[in-house]
>>> print(open('target.txt').read())   # compact mmCIF, C-alpha atoms
# COMPACT_ATOMS: atom_id res chain seq x y z
CA MET A 6 86.05 50.45 -197.02
CA THR A 7 86.93 47.67 -194.58
CA PRO A 8 90.23 45.72 -194.62
CA ALA A 9 90.64 42.02 -195.42
CA PRO A 10 88.99 39.81 -192.78
CA PRO A 11 89.15 38.90 -189.99
CA TYR A 12 87.76 41.96 -188.27
CA TYR A 13 84.67 42.58 -186.13
CA ALA A 14 81.17 43.92 -186.68
CA VAL A 15 78.58 45.17 -184.20
CA ILE A 16 75.08 44.77 -185.60
CA PHE A 17 72.68 47.12 -183.81
CA THR A 18 69.04 46.47 -184.79
CA SER A 19 66.47 48.78 -183.24
CA GLN A 20 62.94 50.11 -183.12
CA ARG A 21 62.60 53.84 -182.43
CA THR A 22 59.94 55.36 -180.21
CA ALA A 23 57.81 58.24 -181.60
CA GLY A 24 59.25 61.76 -181.85
CA ASP A 25 62.84 62.91 -181.97
CA GLN A 26 63.45 63.82 -178.28
CA GLY A 27 67.03 64.83 -179.02
CA TYR A 28 67.82 61.60 -180.83
CA ALA A 29 69.07 62.96 -184.18
CA LYS A 30 71.58 65.29 -182.59
CA THR A 31 73.01 62.59 -180.34
CA ALA A 32 73.05 60.04 -183.16
CA ALA A 33 75.14 62.42 -185.29
CA ARG A 34 77.44 63.11 -182.36
CA MET A 35 77.90 59.37 -181.70
CA MET A 36 78.83 58.79 -185.37
CA GLU A 37 81.45 61.52 -185.06
CA LEU A 38 82.76 60.18 -181.76
CA ALA A 39 82.87 56.53 -182.89
CA ALA A 40 84.93 57.51 -185.93
CA ARG A 41 87.61 58.87 -183.58
CA GLN A 42 87.80 55.73 -181.42
CA PRO A 43 90.89 53.49 -181.67
CA GLY A 44 90.25 50.47 -183.91
CA TYR A 45 87.25 52.01 -185.72
CA LEU A 46 86.93 50.81 -189.33
CA GLY A 47 83.61 52.24 -190.51
CA VAL A 48 79.84 52.31 -190.16
CA GLU A 49 76.79 51.55 -192.30
CA HIS A 50 73.24 52.57 -191.46
CA ALA A 51 69.71 52.36 -192.84
CA ARG A 52 66.30 52.79 -191.22
CA GLU A 53 62.93 51.78 -192.61
CA GLU A 54 60.52 49.75 -190.43
CA ILE A 55 63.48 48.95 -188.23
CA GLY A 56 66.88 50.59 -187.99
CA ILE A 57 70.10 48.71 -188.67
CA THR A 58 73.47 50.22 -187.79
CA ILE A 59 76.60 48.16 -188.35
CA SER A 60 79.91 49.42 -187.03
CA TYR A 61 83.17 47.71 -187.96
CA TRP A 62 86.16 47.34 -185.64
CA GLU A 63 89.67 45.94 -185.62
CA SER A 64 89.22 43.92 -182.43
CA LEU A 65 86.91 42.97 -179.57
CA ARG A 66 89.01 45.28 -177.44
CA ALA A 67 88.15 48.22 -179.70
CA ILE A 68 84.43 47.34 -179.36
CA ALA A 69 84.71 47.19 -175.57
CA GLY A 70 86.47 50.57 -175.61
CA TRP A 71 83.66 52.17 -177.59
CA LYS A 72 80.96 50.61 -175.40
CA ALA A 73 82.67 52.06 -172.30
CA GLU A 74 83.27 55.56 -173.73
CA ALA A 75 81.73 58.04 -171.27
CA GLU A 76 79.57 60.10 -173.61
CA HIS A 77 78.45 56.92 -175.39
CA GLN A 78 77.48 55.38 -172.03
CA TRP A 79 75.23 58.36 -171.41
CA ALA A 80 73.70 57.96 -174.90
CA GLN A 81 73.09 54.24 -174.28
CA GLN A 82 71.24 55.12 -171.09
CA ARG A 83 69.07 57.72 -172.83
CA GLY A 84 68.50 55.19 -175.62
CA ARG A 85 66.94 52.78 -173.15
CA GLU A 86 64.94 55.51 -171.40
CA GLN A 87 63.62 57.42 -174.40
CA TRP A 88 64.67 56.56 -177.92
CA TYR A 89 64.24 52.83 -178.43
CA SER A 90 61.29 50.56 -177.73
CA TRP A 91 63.66 47.63 -178.26
CA TYR A 92 67.10 46.85 -179.64
CA THR A 93 69.40 43.91 -180.23
CA VAL A 94 73.19 44.06 -180.27
CA ARG A 95 75.18 41.31 -181.96
CA ILE A 96 78.97 41.11 -181.77
CA CYS A 97 80.33 39.28 -184.80
CA ARG A 98 83.63 38.19 -186.24
CA VAL A 99 83.72 38.86 -189.99
CA GLU A 100 85.23 35.71 -191.45
CA ARG A 101 85.00 36.38 -195.14
CA ALA A 102 83.96 39.26 -197.41
CA TYR A 103 83.55 39.89 -201.12
CA GLU A 104 82.39 42.75 -203.26
CA PHE A 105 80.66 43.52 -206.54
CA ARG A 106 81.89 46.97 -207.52
CA PRO A 107 82.08 47.20 -211.32
CA ASP A 108 82.89 50.94 -211.41
CA ALA A 109 85.64 50.85 -208.79
CA MET B 13 64.20 35.72 -182.83
CA THR B 14 67.67 34.16 -183.10
CA PRO B 15 69.01 31.45 -180.77
CA ALA B 16 71.91 31.83 -178.34
CA PRO B 17 75.24 32.36 -180.17
CA PRO B 18 77.24 31.07 -181.87
CA TYR B 19 75.43 31.23 -185.18
CA TYR B 20 76.17 33.00 -188.47
CA ALA B 21 75.13 36.23 -190.17
CA VAL B 22 75.40 37.31 -193.79
CA ILE B 23 75.55 41.10 -194.05
CA PHE B 24 74.51 42.21 -197.54
CA THR B 25 75.08 45.94 -198.08
CA SER B 26 73.99 47.32 -201.42
CA GLN B 27 73.26 50.28 -203.65
CA ARG B 28 70.27 49.91 -205.98
CA THR B 29 70.20 51.15 -209.55
CA ALA B 30 67.27 53.38 -210.66
CA GLY B 31 63.85 51.84 -211.39
CA ASP B 32 62.33 48.56 -210.25
CA GLN B 33 63.09 46.31 -213.27
CA GLY B 34 61.45 43.34 -211.56
CA TYR B 35 63.45 43.77 -208.38
CA ALA B 36 60.63 44.00 -205.81
CA LYS B 37 58.96 40.80 -207.00
CA THR B 38 62.19 38.82 -206.95
CA ALA B 39 63.23 40.28 -203.58
CA ALA B 40 59.94 39.11 -202.04
CA ARG B 41 60.33 35.69 -203.64
CA MET B 42 63.90 35.37 -202.30
CA MET B 43 62.73 36.21 -198.76
CA GLU B 44 60.12 33.47 -199.07
CA LEU B 45 62.61 30.97 -200.51
CA ALA B 46 65.36 31.73 -197.96
CA ALA B 47 62.91 31.14 -195.11
CA ARG B 48 62.42 27.58 -196.38
CA GLN B 49 66.16 26.78 -196.60
CA PRO B 50 67.70 24.36 -194.06
CA GLY B 51 69.46 26.23 -191.25
CA TYR B 52 67.65 29.54 -191.81
CA LEU B 53 67.19 31.55 -188.60
CA GLY B 54 65.77 34.89 -189.76
CA VAL B 55 66.27 38.07 -191.73
CA GLU B 56 66.36 41.83 -191.04
CA HIS B 57 66.23 44.53 -193.69
CA ALA B 58 66.22 48.31 -194.08
CA ARG B 59 66.94 50.59 -197.02
CA GLU B 60 67.61 54.30 -196.98
CA GLU B 61 70.64 55.69 -198.83
CA ILE B 62 71.99 52.15 -198.89
CA GLY B 63 70.24 48.85 -198.35
CA ILE B 64 71.24 46.48 -195.56
CA THR B 65 69.91 42.93 -195.43
CA ILE B 66 71.15 40.60 -192.72
CA SER B 67 70.23 36.93 -192.86
CA TYR B 68 70.97 34.61 -189.95
CA TRP B 69 71.98 30.96 -190.31
CA GLU B 70 72.83 27.96 -188.17
CA SER B 71 76.08 27.18 -189.97
CA LEU B 72 78.44 28.07 -192.81
CA ARG B 73 77.06 25.03 -194.59
CA ALA B 74 73.56 26.48 -194.49
CA ILE B 75 74.92 29.74 -195.98
CA ALA B 76 76.68 27.83 -198.76
CA GLY B 77 73.45 25.93 -199.45
CA TRP B 78 71.48 29.16 -199.85
CA LYS B 79 74.13 30.75 -202.05
CA ALA B 80 74.02 27.71 -204.37
CA GLU B 81 70.21 27.45 -204.53
CA ALA B 82 69.22 27.50 -208.23
CA GLU B 83 66.62 30.27 -208.24
CA HIS B 84 68.80 32.36 -205.93
CA GLN B 85 71.76 31.89 -208.32
CA TRP B 86 69.63 33.33 -211.10
CA ALA B 87 68.63 36.27 -208.85
CA GLN B 88 72.29 36.92 -207.97
CA GLN B 89 73.10 37.07 -211.67
CA ARG B 90 70.27 39.53 -212.39
CA GLY B 91 71.38 41.51 -209.36
CA ARG B 92 74.79 42.07 -210.90
CA GLU B 93 73.34 42.79 -214.36
CA GLN B 94 70.47 45.10 -213.40
CA TRP B 95 69.58 45.81 -209.82
CA TYR B 96 72.74 46.79 -207.96
CA SER B 97 75.40 49.34 -208.80
CA TRP B 98 77.51 47.75 -206.05
CA TYR B 99 77.21 45.38 -203.12
CA THR B 100 79.33 43.88 -200.37
CA VAL B 101 78.74 40.49 -198.74
CA ARG B 102 80.22 39.75 -195.33
CA ILE B 103 80.05 36.30 -193.74
CA CYS B 104 80.20 36.60 -189.95
CA ARG B 105 80.15 34.42 -186.90
CA VAL B 106 77.90 35.90 -184.21
CA GLU B 107 79.90 35.52 -181.02
CA ARG B 108 77.70 37.31 -178.52
CA ALA B 109 74.27 38.95 -178.48
CA TYR B 110 72.13 40.88 -176.03
CA GLU B 111 68.77 42.56 -176.12
CA PHE B 112 66.87 45.46 -174.65
CA ARG B 113 63.22 44.47 -174.85
CA PRO B 114 61.31 45.94 -171.89
CA ASP B 115 57.86 44.87 -173.13
CA ALA B 116 58.77 41.26 -173.92
>>> encode(input="target.txt", output="structure tokens")
Amino acid sequence: MTPAPPYYAVIFTSQRTAGDQGYAKTAARMMELAARQPGYLGVEHAREEIGITISYWESLRAIAGWKAEAEHQWAQQRGREQWYSWYTVRICRVERAYEFRPDA
Amino acid sequence: MTPAPPYYAVIFTSQRTAGDQGYAKTAARMMELAARQPGYLGVEHAREEIGITISYWESLRAIAGWKAEAEHQWAQQRGREQWYSWYTVRICRVERAYEFRPDA
């Protein structure tokens, strides 16, 4: 899914507040919008007690571009106001990667 | 939870096979064992369609130490034989981090 390293990852770890409050619709829209950003490589997501979303990018510049995207800025603001009780964002350089994929 | 960057993250993304087959017990044991390794900083986990486990480490050396740990080696082997239909491991350097934590 992702190319040979180096590339970049944004690890977004979060705790949701109760109730949807428009979250699911915006989350789906953000996934769609991110996928159209320059330098986007992919995304992985799972939520259980906490949510983890990892997006992969070609460069730090691509990450900065996505962070500054207008509709995404609005979603970040609503995230702080309504959807998340806390979150952490970590910007990482992927140095090395390997796979176990016996059926591929 | 984690110190100021730089530090390292191992992103383990996986797809489980059907049934437990001793997985849950070993997963809990590995969490316990990892937490006692030199250079361990923390772990975050969620599973939905896929599983994402991120462990945080002081150095690449600490990551290599954990990968080589004897009981963990055995678990990795069983993982490939029984528990995972595929997985990807990404070794990352965390360059920058920020938090939204209004109640902290």
>>> closest_atom_pairs(input="target.txt", of="range 58-90 of chain B", to="range 52-71 of chain A", cutoff="7 Å", atoms="all atoms listed in the file", output="Markdown table")
| residue | atom | partner | partner_atom | distance |
| --- | --- | --- | --- | --- |
| B:Ala58 | CA | A:Glu53 | CA | 5.0 |
| B:Arg59 | CA | A:Glu53 | CA | 6.1 |
| B:Glu60 | CA | A:Arg52 | CA | 6.1 |
>>> write_last_selection(input="target.txt", atoms="C-alpha atoms", output="PDB file, in the coordinates of the input")
ATOM      1  CA  ALA B  58      66.220  48.310-194.080  1.00  0.00           C
ATOM      2  CA  ARG B  59      66.940  50.590-197.020  1.00  0.00           C
ATOM      3  CA  GLU B  60      67.610  54.300-196.980  1.00  0.00           C
TER       4      GLU B  60
END
>>> interface_residues(input="target.txt", of="chain A", to="chain B", cutoff="9 Å", atoms="all atoms listed in the file", output="tab-separated table (two decimals) with C-alpha atoms, in the frame of the given file")
chain	number	residue	atom	x	y	z
A	13	TYR	CA	84.67	42.58	-186.13
A	14	ALA	CA	81.17	43.92	-186.68
A	18	THR	CA	69.04	46.47	-184.79
A	49	GLU	CA	76.79	51.55	-192.30
A	50	HIS	CA	73.24	52.57	-191.46
A	51	ALA	CA	69.71	52.36	-192.84
A	52	ARG	CA	66.30	52.79	-191.22
A	53	GLU	CA	62.93	51.78	-192.61
A	54	GLU	CA	60.52	49.75	-190.43
A	55	ILE	CA	63.48	48.95	-188.23
A	56	GLY	CA	66.88	50.59	-187.99
A	57	ILE	CA	70.10	48.71	-188.67
A	58	THR	CA	73.47	50.22	-187.79
A	85	ARG	CA	66.94	52.78	-173.15
A	89	TYR	CA	64.24	52.83	-178.43
A	90	SER	CA	61.29	50.56	-177.73
A	91	TRP	CA	63.66	47.63	-178.26
A	92	TYR	CA	67.10	46.85	-179.64
A	93	THR	CA	69.40	43.91	-180.23
A	94	VAL	CA	73.19	44.06	-180.27
A	95	ARG	CA	75.18	41.31	-181.96
A	96	ILE	CA	78.97	41.11	-181.77
A	97	CYS	CA	80.33	39.28	-184.80
A	98	ARG	CA	83.63	38.19	-186.24
A	99	VAL	CA	83.72	38.86	-189.99
A	100	GLU	CA	85.23	35.71	-191.45
A	101	ARG	CA	85.00	36.38	-195.14
A	102	ALA	CA	83.96	39.26	-197.41
A	103	TYR	CA	83.55	39.89	-201.12
A	104	GLU	CA	82.39	42.75	-203.26
A	105	PHE	CA	80.66	43.52	-206.54
A	106	ARG	CA	81.89	46.97	-207.52
A	107	PRO	CA	82.08	47.20	-211.32
A	108	ASP	CA	82.89	50.94	-211.41
>>> atom_distance(input="target.txt", atom1="CA of Glu81 in chain B", atom2="CA of Met42 in chain B")
10.4 Å
>>> closest_residue(input="target.txt", among="B:Ala82, B:Met13, B:Gln27, B:Gln33", to="Ala46 in chain B", atoms="only C-alpha atoms")
B:Ala82
>>> axis_aligned_box(input="target.txt", around="range 37-53 of chain B", padding_each_side="3 Å", output="lines of an AutoDock Vina configuration file")
center_x = 64.2
center_y = 32.6
center_z = -197.8
size_x = 16.5
size_y = 22.4
size_z = 24.4
>>> atom_distance(input="target.txt", atom1="CA of Gln87 in chain A", atom2="CA of Thr22 in chain A")
7.2 Å
>>> atom_distance(input="target.txt", atom1="CA of Lys30 in chain A", atom2="CA of Gly47 in chain A")
19.4 Å
>>> closest_residue(input="target.txt", among="B:Lys79, B:Val55, B:Glu93, B:Ala87", to="Ala36 in chain B", atoms="all atoms listed in the file")
B:Ala87
>>> decode(input="target.txt", residues="chain B", atoms="C-alpha atoms", output="PDB file, in the first residue's frame")
ATOM      1  CA  MET B  13       2.536   9.753  28.181  1.00  0.00           C
ATOM      2  CA  THR B  14       5.513  10.005  25.817  1.00  0.00           C
ATOM      3  CA  PRO B  15       8.441  12.415  26.268  1.00  0.00           C
ATOM      4  CA  ALA B  16       9.320  15.315  23.961  1.00  0.00           C
ATOM      5  CA  PRO B  17      10.440  14.092  20.507  1.00  0.00           C
ATOM      6  CA  PRO B  18      12.569  12.697  19.056  1.00  0.00           C
ATOM      7  CA  TYR B  19      11.744   9.141  20.017  1.00  0.00           C
ATOM      8  CA  TYR B  20      10.644   6.095  18.018  1.00  0.00           C
ATOM      9  CA  ALA B  21       7.383   4.367  17.170  1.00  0.00           C
ATOM     10  CA  VAL B  22       6.693   0.889  15.840  1.00  0.00           C
ATOM     11  CA  ILE B  23       3.401   0.802  13.937  1.00  0.00           C
ATOM     12  CA  PHE B  24       2.092  -2.763  13.765  1.00  0.00           C
ATOM     13  CA  THR B  25      -0.948  -3.054  11.473  1.00  0.00           C
ATOM     14  CA  SER B  26      -2.526  -6.475  11.238  1.00  0.00           C
ATOM     15  CA  GLN B  27      -5.398  -8.680  10.156  1.00  0.00           C
ATOM     16  CA  ARG B  28      -6.323 -11.495  12.547  1.00  0.00           C
ATOM     17  CA  THR B  29      -7.305 -14.969  11.450  1.00  0.00           C
ATOM     18  CA  ALA B  30     -10.580 -16.473  12.810  1.00  0.00           C
ATOM     19  CA  GLY B  31     -10.735 -17.825  16.390  1.00  0.00           C
ATOM     20  CA  ASP B  32      -8.563 -17.079  19.393  1.00  0.00           C
ATOM     21  CA  GLN B  33      -6.085 -20.017  19.252  1.00  0.00           C
ATOM     22  CA  GLY B  34      -4.267 -18.725  22.327  1.00  0.00           C
ATOM     23  CA  TYR B  35      -3.872 -15.238  20.910  1.00  0.00           C
ATOM     24  CA  ALA B  36      -5.468 -13.172  23.706  1.00  0.00           C
ATOM     25  CA  LYS B  37      -3.331 -14.740  26.420  1.00  0.00           C
ATOM     26  CA  THR B  38      -0.103 -14.225  24.511  1.00  0.00           C
ATOM     27  CA  ALA B  39      -1.070 -10.676  23.495  1.00  0.00           C
ATOM     28  CA  ALA B  40      -1.600  -9.761  27.163  1.00  0.00           C
ATOM     29  CA  ARG B  41       1.691 -11.403  28.112  1.00  0.00           C
ATOM     30  CA  MET B  42       3.544  -9.496  25.358  1.00  0.00           C
ATOM     31  CA  MET B  43       2.110  -6.173  26.587  1.00  0.00           C
ATOM     32  CA  GLU B  44       3.375  -7.019  30.072  1.00  0.00           C
ATOM     33  CA  LEU B  45       6.789  -8.112  28.798  1.00  0.00           C
ATOM     34  CA  ALA B  46       7.258  -5.119  26.464  1.00  0.00           C
ATOM     35  CA  ALA B  47       6.552  -2.738  29.351  1.00  0.00           C
ATOM     36  CA  ARG B  48       9.549  -4.208  31.191  1.00  0.00           C
ATOM     37  CA  GLN B  49      11.968  -3.827  28.254  1.00  0.00           C
ATOM     38  CA  PRO B  50      14.715  -1.160  28.431  1.00  0.00           C
ATOM     39  CA  GLY B  51      13.733   1.966  26.507  1.00  0.00           C
ATOM     40  CA  TYR B  52       9.982   1.243  26.490  1.00  0.00           C
ATOM     41  CA  LEU B  53       7.855   4.403  26.507  1.00  0.00           C
ATOM     42  CA  GLY B  54       4.289   3.155  26.038  1.00  0.00           C
ATOM     43  CA  VAL B  55       1.771   1.418  23.818  1.00  0.00           C
ATOM     44  CA  GLU B  56      -1.557   2.258  22.143  1.00  0.00           C
ATOM     45  CA  HIS B  57      -3.905  -0.274  20.586  1.00  0.00           C
ATOM     46  CA  ALA B  58      -7.254  -0.508  18.804  1.00  0.00           C
ATOM     47  CA  ARG B  59      -8.833  -3.202  16.648  1.00  0.00           C
ATOM     48  CA  GLU B  60     -11.829  -2.905  14.375  1.00  0.00           C
ATOM     49  CA  GLU B  61     -11.602  -4.165  10.778  1.00  0.00           C
ATOM     50  CA  ILE B  62      -7.842  -4.135  11.207  1.00  0.00           C
ATOM     51  CA  GLY B  63      -5.722  -4.017  14.329  1.00  0.00           C
ATOM     52  CA  ILE B  64      -3.277  -1.200  15.000  1.00  0.00           C
ATOM     53  CA  THR B  65      -0.736  -1.431  17.803  1.00  0.00           C
ATOM     54  CA  ILE B  66       1.788   1.354  18.232  1.00  0.00           C
ATOM     55  CA  SER B  67       4.636   0.926  20.689  1.00  0.00           C
ATOM     56  CA  TYR B  68       6.915   3.823  21.587  1.00  0.00           C
ATOM     57  CA  TRP B  69      10.631   3.504  22.308  1.00  0.00           C
ATOM     58  CA  GLU B  70      13.592   5.634  23.287  1.00  0.00           C
ATOM     59  CA  SER B  71      15.852   4.375  20.502  1.00  0.00           C
ATOM     60  CA  LEU B  72      16.251   2.006  17.562  1.00  0.00           C
ATOM     61  CA  ARG B  73      18.407  -0.090  19.853  1.00  0.00           C
ATOM     62  CA  ALA B  74      15.512  -0.525  22.268  1.00  0.00           C
ATOM     63  CA  ILE B  75      13.299  -1.640  19.346  1.00  0.00           C
ATOM     64  CA  ALA B  76      15.917  -4.161  18.214  1.00  0.00           C
ATOM     65  CA  GLY B  77      16.167  -5.457  21.795  1.00  0.00           C
ATOM     66  CA  TRP B  78      12.416  -6.050  21.979  1.00  0.00           C
ATOM     67  CA  LYS B  79      12.297  -7.716  18.567  1.00  0.00           C
ATOM     68  CA  ALA B  80      15.052 -10.129  19.657  1.00  0.00           C
ATOM     69  CA  GLU B  81      13.557 -10.941  23.085  1.00  0.00           C
ATOM     70  CA  ALA B  82      13.224 -14.744  23.310  1.00  0.00           C
ATOM     71  CA  GLU B  83       9.575 -15.088  24.324  1.00  0.00           C
ATOM     72  CA  HIS B  84       8.610 -12.367  21.849  1.00  0.00           C
ATOM     73  CA  GLN B  85      10.478 -14.242  19.071  1.00  0.00           C
ATOM     74  CA  TRP B  86       8.341 -17.279  19.819  1.00  0.00           C
ATOM     75  CA  ALA B  87       5.181 -15.115  19.723  1.00  0.00           C
ATOM     76  CA  GLN B  88       6.226 -13.614  16.380  1.00  0.00           C
ATOM     77  CA  GLN B  89       6.626 -17.122  14.980  1.00  0.00           C
ATOM     78  CA  ARG B  90       3.181 -18.211  16.217  1.00  0.00           C
ATOM     79  CA  GLY B  91       1.792 -14.962  14.848  1.00  0.00           C
ATOM     80  CA  ARG B  92       2.914 -15.881  11.360  1.00  0.00           C
ATOM     81  CA  GLU B  93       1.760 -19.509  11.714  1.00  0.00           C
ATOM     82  CA  GLN B  94      -1.637 -18.956  13.336  1.00  0.00           C
ATOM     83  CA  TRP B  95      -2.829 -15.546  14.390  1.00  0.00           C
ATOM     84  CA  TYR B  96      -2.345 -13.155  11.485  1.00  0.00           C
ATOM     85  CA  SER B  97      -3.357 -13.434   7.857  1.00  0.00           C
ATOM     86  CA  TRP B  98      -1.106 -10.431   7.188  1.00  0.00           C
ATOM     87  CA  TYR B  99       0.745  -7.688   9.023  1.00  0.00           C
ATOM     88  CA  THR B 100       2.921  -4.680   8.317  1.00  0.00           C
ATOM     89  CA  VAL B 101       5.594  -3.308  10.646  1.00  0.00           C
ATOM     90  CA  ARG B 102       6.786   0.275  10.259  1.00  0.00           C
ATOM     91  CA  ILE B 103       9.712   1.683  12.246  1.00  0.00           C
ATOM     92  CA  CYS B 104       9.344   5.445  12.607  1.00  0.00           C
ATOM     93  CA  ARG B 105      11.138   8.360  14.152  1.00  0.00           C
ATOM     94  CA  VAL B 106       8.677  10.689  15.888  1.00  0.00           C
ATOM     95  CA  GLU B 107       9.795  14.158  14.848  1.00  0.00           C
ATOM     96  CA  ARG B 108       7.088  16.313  16.368  1.00  0.00           C
ATOM     97  CA  ALA B 109       4.070  15.843  18.628  1.00  0.00           C
ATOM     98  CA  TYR B 110       1.274  17.974  20.032  1.00  0.00           C
ATOM     99  CA  GLU B 111      -1.750  17.393  22.184  1.00  0.00           C
ATOM    100  CA  PHE B 112      -5.258  18.631  22.771  1.00  0.00           C
ATOM    101  CA  ARG B 113      -6.033  17.783  26.380  1.00  0.00           C
ATOM    102  CA  PRO B 114      -8.335  20.434  27.870  1.00  0.00           C
ATOM    103  CA  ASP B 115      -8.898  18.594  31.167  1.00  0.00           C
ATOM    104  CA  ALA B 116      -5.240  17.829  31.889  1.00  0.00           C
TER     105      ALA B 116
END
